Amino acid sequence: MTDVKAPPQPEVTVATPHKRRRADRRHIPVLATLALLVLMYSLGVANYDNFSDTQVLLNVFVDNAFLLVVAAGMTFVILTGGIDLSVGAVVALTTVVAATLLNDGWPAAVVLPLVLLIGTTLGLGMGAVIHYFKVEPFIATLAGMFLARGLSLLINRNSIPITDPFWTAMAQERIRFGPGIFISTSVVIAAVVVLAGAAVLAYTRFGRTVYAIGGNADSALLMGLPVGRTRIAVYTISGFCSALGGVLLSFYMLSGYSLHAQGMELDAIAAVVIGGVILTGGSGYLFGTVLGVLVLGLIQTIITFQGTLSSWWTKIVIGILLFAFIVLQRLVTRRAR
Amino acid sequence: MTPLVRHRLFWPAVVLVLLLVSNVFFAPRFFTITLQDGHLYGSLIDVLRSATPLALVALGMTMVIATGGIDLSVGSVMAISGAVACLFIGDLSDPGSVGGVLLAVGLALGLSAVAGIWNGVLVSVIGIQPIIATLILMVAGRGIAQLLTGGQIINVSSPPFRVIGAGYLLGVPVSVIIVAVVVAAAVLLIRRSALGVLVEAVGASPTASRLAGIRARGLTIMAYVFAAVCAGIAGLIFSSNVASADSNAAGNLIELDAILAVVIGGTALTGGRFSIAGSVLGAVLISALDITTYTIGVPAETTLLFKAVVVVILCLSQSAAFRAAVFRRRRTPAATPAAEVPA
C-alpha cells in the first residue's frame with residue numbers, strides 16, 4: 001500500500017529545502033486522515049469491549065467494499081475537477097437490472113458483464129455530453145442520476161430477492177485467515193480495484209493527464225495532452241466503478257432495489273474529501289480515499305458499539321469531520337501558495 | 001417573432017404550455033377552476049400550490065448561483081426550520097395562539113438565517129468551494145433536524161400555523177400569496193436597486209468586481225442568507241401543509257430540483273446573469289411535470305425519467321456547442337448527426 005502514496009508528480013530534480021517542504025505539505029491531508037483514523041480506533045479500543053478484535057476492523061472493509069469501489073471511481077472524477085452525482089443511482093440500477101435478469105433465468109456469466117457494460121456506457125454518455133456539449137458536470141450527472149434512478153424504478157419498484165447460485169456463493173464465500181477472522185470476496189475485488197486505480201494514477205501517462213487536467217485544464221490542453229479523451233474516460237471509469245459497486249452491493253444485500261444506495265454519492269464525495277483529495281482537482285491520492293471510506297465505516301462501527309447513540313449522530317459527525325478536513329485543506333493549500 | 005423565439009424563457013414556456021395542454025387529453029376538466037366554499041379549486045391551482053416550496057427555494061438558489069456559488073443545504077434548512085417551528089408550537093400552552101405561532105415562525109426563520117450566515121462565511125471568508133461548503137450543512141443539517149425531533153414525526157394541531165401552508169385568503173391559497181409577495185419583494189429590491197447588478201458583477205468576475213470596489217464578501221453572505229431564509233419559509237409551508245415536522249421527508253432532494261429550476265430558467269451555473277422570473281417558471285414547470293404524470297396515469301416513479309429527458313433537452317438547447325453542432329449539420333447534411341445524445 002505504501003507505494004500507492006507515491007505522488008504522480010514530475011520528479012523534483014532541484015532538491016531545494018523549500019520544494020521539499022512543499023512536497024511534504026501535499027501529504028498533510030492524508031496524514032491527518034491517518035492520524036484521525038488511528039485516534040478513532042484507539043478511542044474505540046479504549047472504550048468498548050471486543051473492539052480490538054481483528055474482525056471488527058475487517059468488518060469495516062466487508063461492510064464498505066462497495067463504497068470503496070464507488071469512491072475510487074469518484075476520486076478519478078474529482079481529481080480532474082469534476083463531480084459525478086449519478087453514482088448512487090447507477091448502483092441502484094445495477095442491482096435492479098441484475099436481480100431482474102437473474103430472476104428471468106439469465107446465466108450469471110451473461111448478467112455480470114452486461115450490468116458492468118450498462119454502467120460503463122452510462123458513464124461514457126455523461127462524459128461525452130460534458131466534453132462535447134460543454135454541459136456542466138454537475139448538471140449532466142444530475143440528469144444521469146434522474147435517468148438511472150428513473151429507469152430502475154420503471155423496471156421494478158419493489159425489492160427483488162436474488163437466488164442465483166453464483167450470486168449467493170459470492171455472498172457467502174469467506175476468505176478465512178484464522179478462526180473467526182475472515183473477509184468477503186467483495187473486499188478482494190475492492191482491493192484489486194483500488195490497487196489498479198492507484199497504479200494507473202501514479203505510473204501511467206493517463207494518470208498524469210488526470211492530475212494535469214485537475215491542476216489546470218487550459219494548460220493541459222496547451223501542453224497537447226488529450227484532455228477530451230481523458231475527461232470522457234474518467235466519467236466512464238466512474239460509471240464502471242459504480243456498476244461494479246452495484247454488483248458488490250447486490251452480493252452484500254442479495255437483492256435488487258431501486259431505492260438501494262440513496263445518497264451514496266454524498267458518502268462517496270465525503271470519503272474522497274476526508275481522504276484529502278482537493279475538490280478543485282489536481283491533488284490527492286486514491287490511498288487517501290481508502291482512508292476516508294475507513295473513517296466513515298469506523299464512525300458507523302463506533303456508533304453501533306456505543307448503542308445509545310442514534311443514527312443521526314453519524315450525519316452530524318460526518319458533517320463536523322467534513323468541515324474540519326476542508327478547513328485543513330484550505331489552510332494547507334493557502335500556505336503552499 | 002424572432003426576438004420572442006430568441007428570448008431565453010421562450011422554450012421553457014413552450015414546454016410548460018405543452019405539458020399543461022397535454023393534460024387536457026387525459027383530464028378534460030384540467031383547465032376548469034371552480035369556486036367552492038370561497039376557495040379556488042382546480043388542477044391549475046394544484047400546480048401552483050405544489051410549486052410553492054420549490055419556487056421559494058429556487059428563488060434563493062438563483063441569487064446564490066448568480067454569485068457563482070451553489071447551495072446544497074437548502075433541503076436540510078427546510079427540515080430544520082419545520083422541526084423548530086413544530087417543536088416550539090408543540091411546547092406552547094396554547095398551540096392556537098397567533099402570537100405563539102408568529103414567534104415560532106420568527107425563531108425558525110432566524111435559525112435559517114444563521115444557517116445562511118454559516119454557509120456564506122465558509123464560502124466568502126474562509127474561501128471554501130460553495131458546493132463543498134454547503135455539503136457540510138446538507139449532511140449535518142439533516143442530522144440536526146433529526147436530533148431535534150428525536151427521529152420522530154412531530155404532529156402539531158395549530159389552526160394559525162396550518163394557515164401558512166393550507167389556508168386560503170380571498171379564495172387564493174395563502175402559500176401562493178406568500179411566494180408571490182416574496183418574489184415581488186425580491187424583484188423590487190434586487191432589480192430596482194443596484195443590488196442585482198452588483199450580484200451579477202460578483203458572479204461574472206469576482207476579481208474585476210473587487211477592483212471596481214464592490215464588497216463581494218458581504219454580497220455573497222447576503223445571497224446565502226437570502227437562500228437559507230427562503231428555504232426556511234419553504235420548510236414552514238411544507239410542514240404546515242402536512243401539519244407535522246418530518247425531518248426525513250422535508251426538502252428531500254429539493255436542492256436538485258431547485259438547481260434544475262434555476263437552470264431551466266436560463267441562469268447559468270457559472271454565475272453572472274440571472275433571471276428570477278425564469279427560476280419561478282422553472283419551478284412551476286417541474287411542479288406541472290409532477291402533476292402531469294399523475295393525470296396521465298403513468299406511475300409516479302417515471303417522473304424521474306421525464307425529468308432526465310427534460311434536463312437533457314434543456315441543457316443541450318442552452319449549450320452553445322450543441323447549437324453549433326446542430327447548426328452545422330443543417331447546413332451540411334453530410335456531417336455526422338449530433339442530435340443522438342446518450343444521457
# chains A, B, ... in the order shown; residues from 1 in each chain; ligands from 1
$ residues_around --residues "Asp257 (chain B)" --least-positions-apart "3" --cutoff "9 Å" --atoms "only C-alpha atoms" --output "mmCIF file with N, CA and C atoms, in the first residue's frame"
data_model
loop_
_atom_site.group_PDB
_atom_site.id
_atom_site.type_symbol
_atom_site.label_atom_id
_atom_site.label_comp_id
_atom_site.auth_asym_id
_atom_site.auth_seq_id
_atom_site.Cartn_x
_atom_site.Cartn_y
_atom_site.Cartn_z
ATOM 1 N N LEU B 54 -40.876 24.779 -3.832
ATOM 2 C CA LEU B 54 -39.796 24.729 -4.818
ATOM 3 C C LEU B 54 -39.505 26.118 -5.382
ATOM 4 N N ALA B 58 -35.993 27.837 -5.183
ATOM 5 C CA ALA B 58 -35.338 28.193 -6.444
ATOM 6 C C ALA B 58 -35.007 29.680 -6.484
ATOM 7 N N LEU B 253 -34.073 16.020 -1.437
ATOM 8 C CA LEU B 253 -33.683 16.168 -2.854
ATOM 9 C C LEU B 253 -34.192 17.461 -3.487
ATOM 10 N N ILE B 254 -34.717 18.393 -2.653
ATOM 11 C CA ILE B 254 -35.244 19.611 -3.262
ATOM 12 C C ILE B 254 -34.121 20.464 -3.836
ATOM 13 N N LEU B 260 -32.198 22.591 -10.800
ATOM 14 C CA LEU B 260 -32.788 22.310 -12.107
ATOM 15 C C LEU B 260 -33.693 23.458 -12.545
ATOM 16 N N ALA B 261 -34.540 23.937 -11.602
ATOM 17 C CA ALA B 261 -35.454 25.033 -11.928
ATOM 18 C C ALA B 261 -34.668 26.260 -12.357
ATOM 19 N N VAL B 262 -33.576 26.531 -11.647
ATOM 20 C CA VAL B 262 -32.769 27.706 -11.968
ATOM 21 C C VAL B 262 -32.148 27.566 -13.353
ATOM 22 N N ALA B 283 -39.640 26.370 -11.635
ATOM 23 C CA ALA B 283 -40.265 25.659 -10.523
ATOM 24 C C ALA B 283 -41.676 25.214 -10.887
ATOM 25 N N ILE B 286 -41.510 22.241 -13.239
ATOM 26 C CA ILE B 286 -41.231 20.965 -12.571
ATOM 27 C C ILE B 286 -42.472 20.468 -11.843
#
$ residues_around --residues "region 26-30 of chain B" --least-positions-apart "6" --cutoff "12 Å" --atoms "only C-alpha atoms" --output "VMD selection string"
chain B and resid 19 to 20 41 to 47 288 291 to 298
$ interface_residues --of "chain A" --to "chain B" --cutoff "8 Å" --atoms "only C-alpha atoms" --output "ChimeraX atom specification"
/A:122,125-126,129,132-136,139-140,142-147,149-151,153-154,279-280,312-320,322-323,326-327,330
$ select_by_dssp --residues "region 198-267 of chain A" --states "helix (DSSP H, G or I)" --output "VMD selection string"
chain A and resid 198 to 203 205 to 215 217 to 222 227 to 253 264 to 267
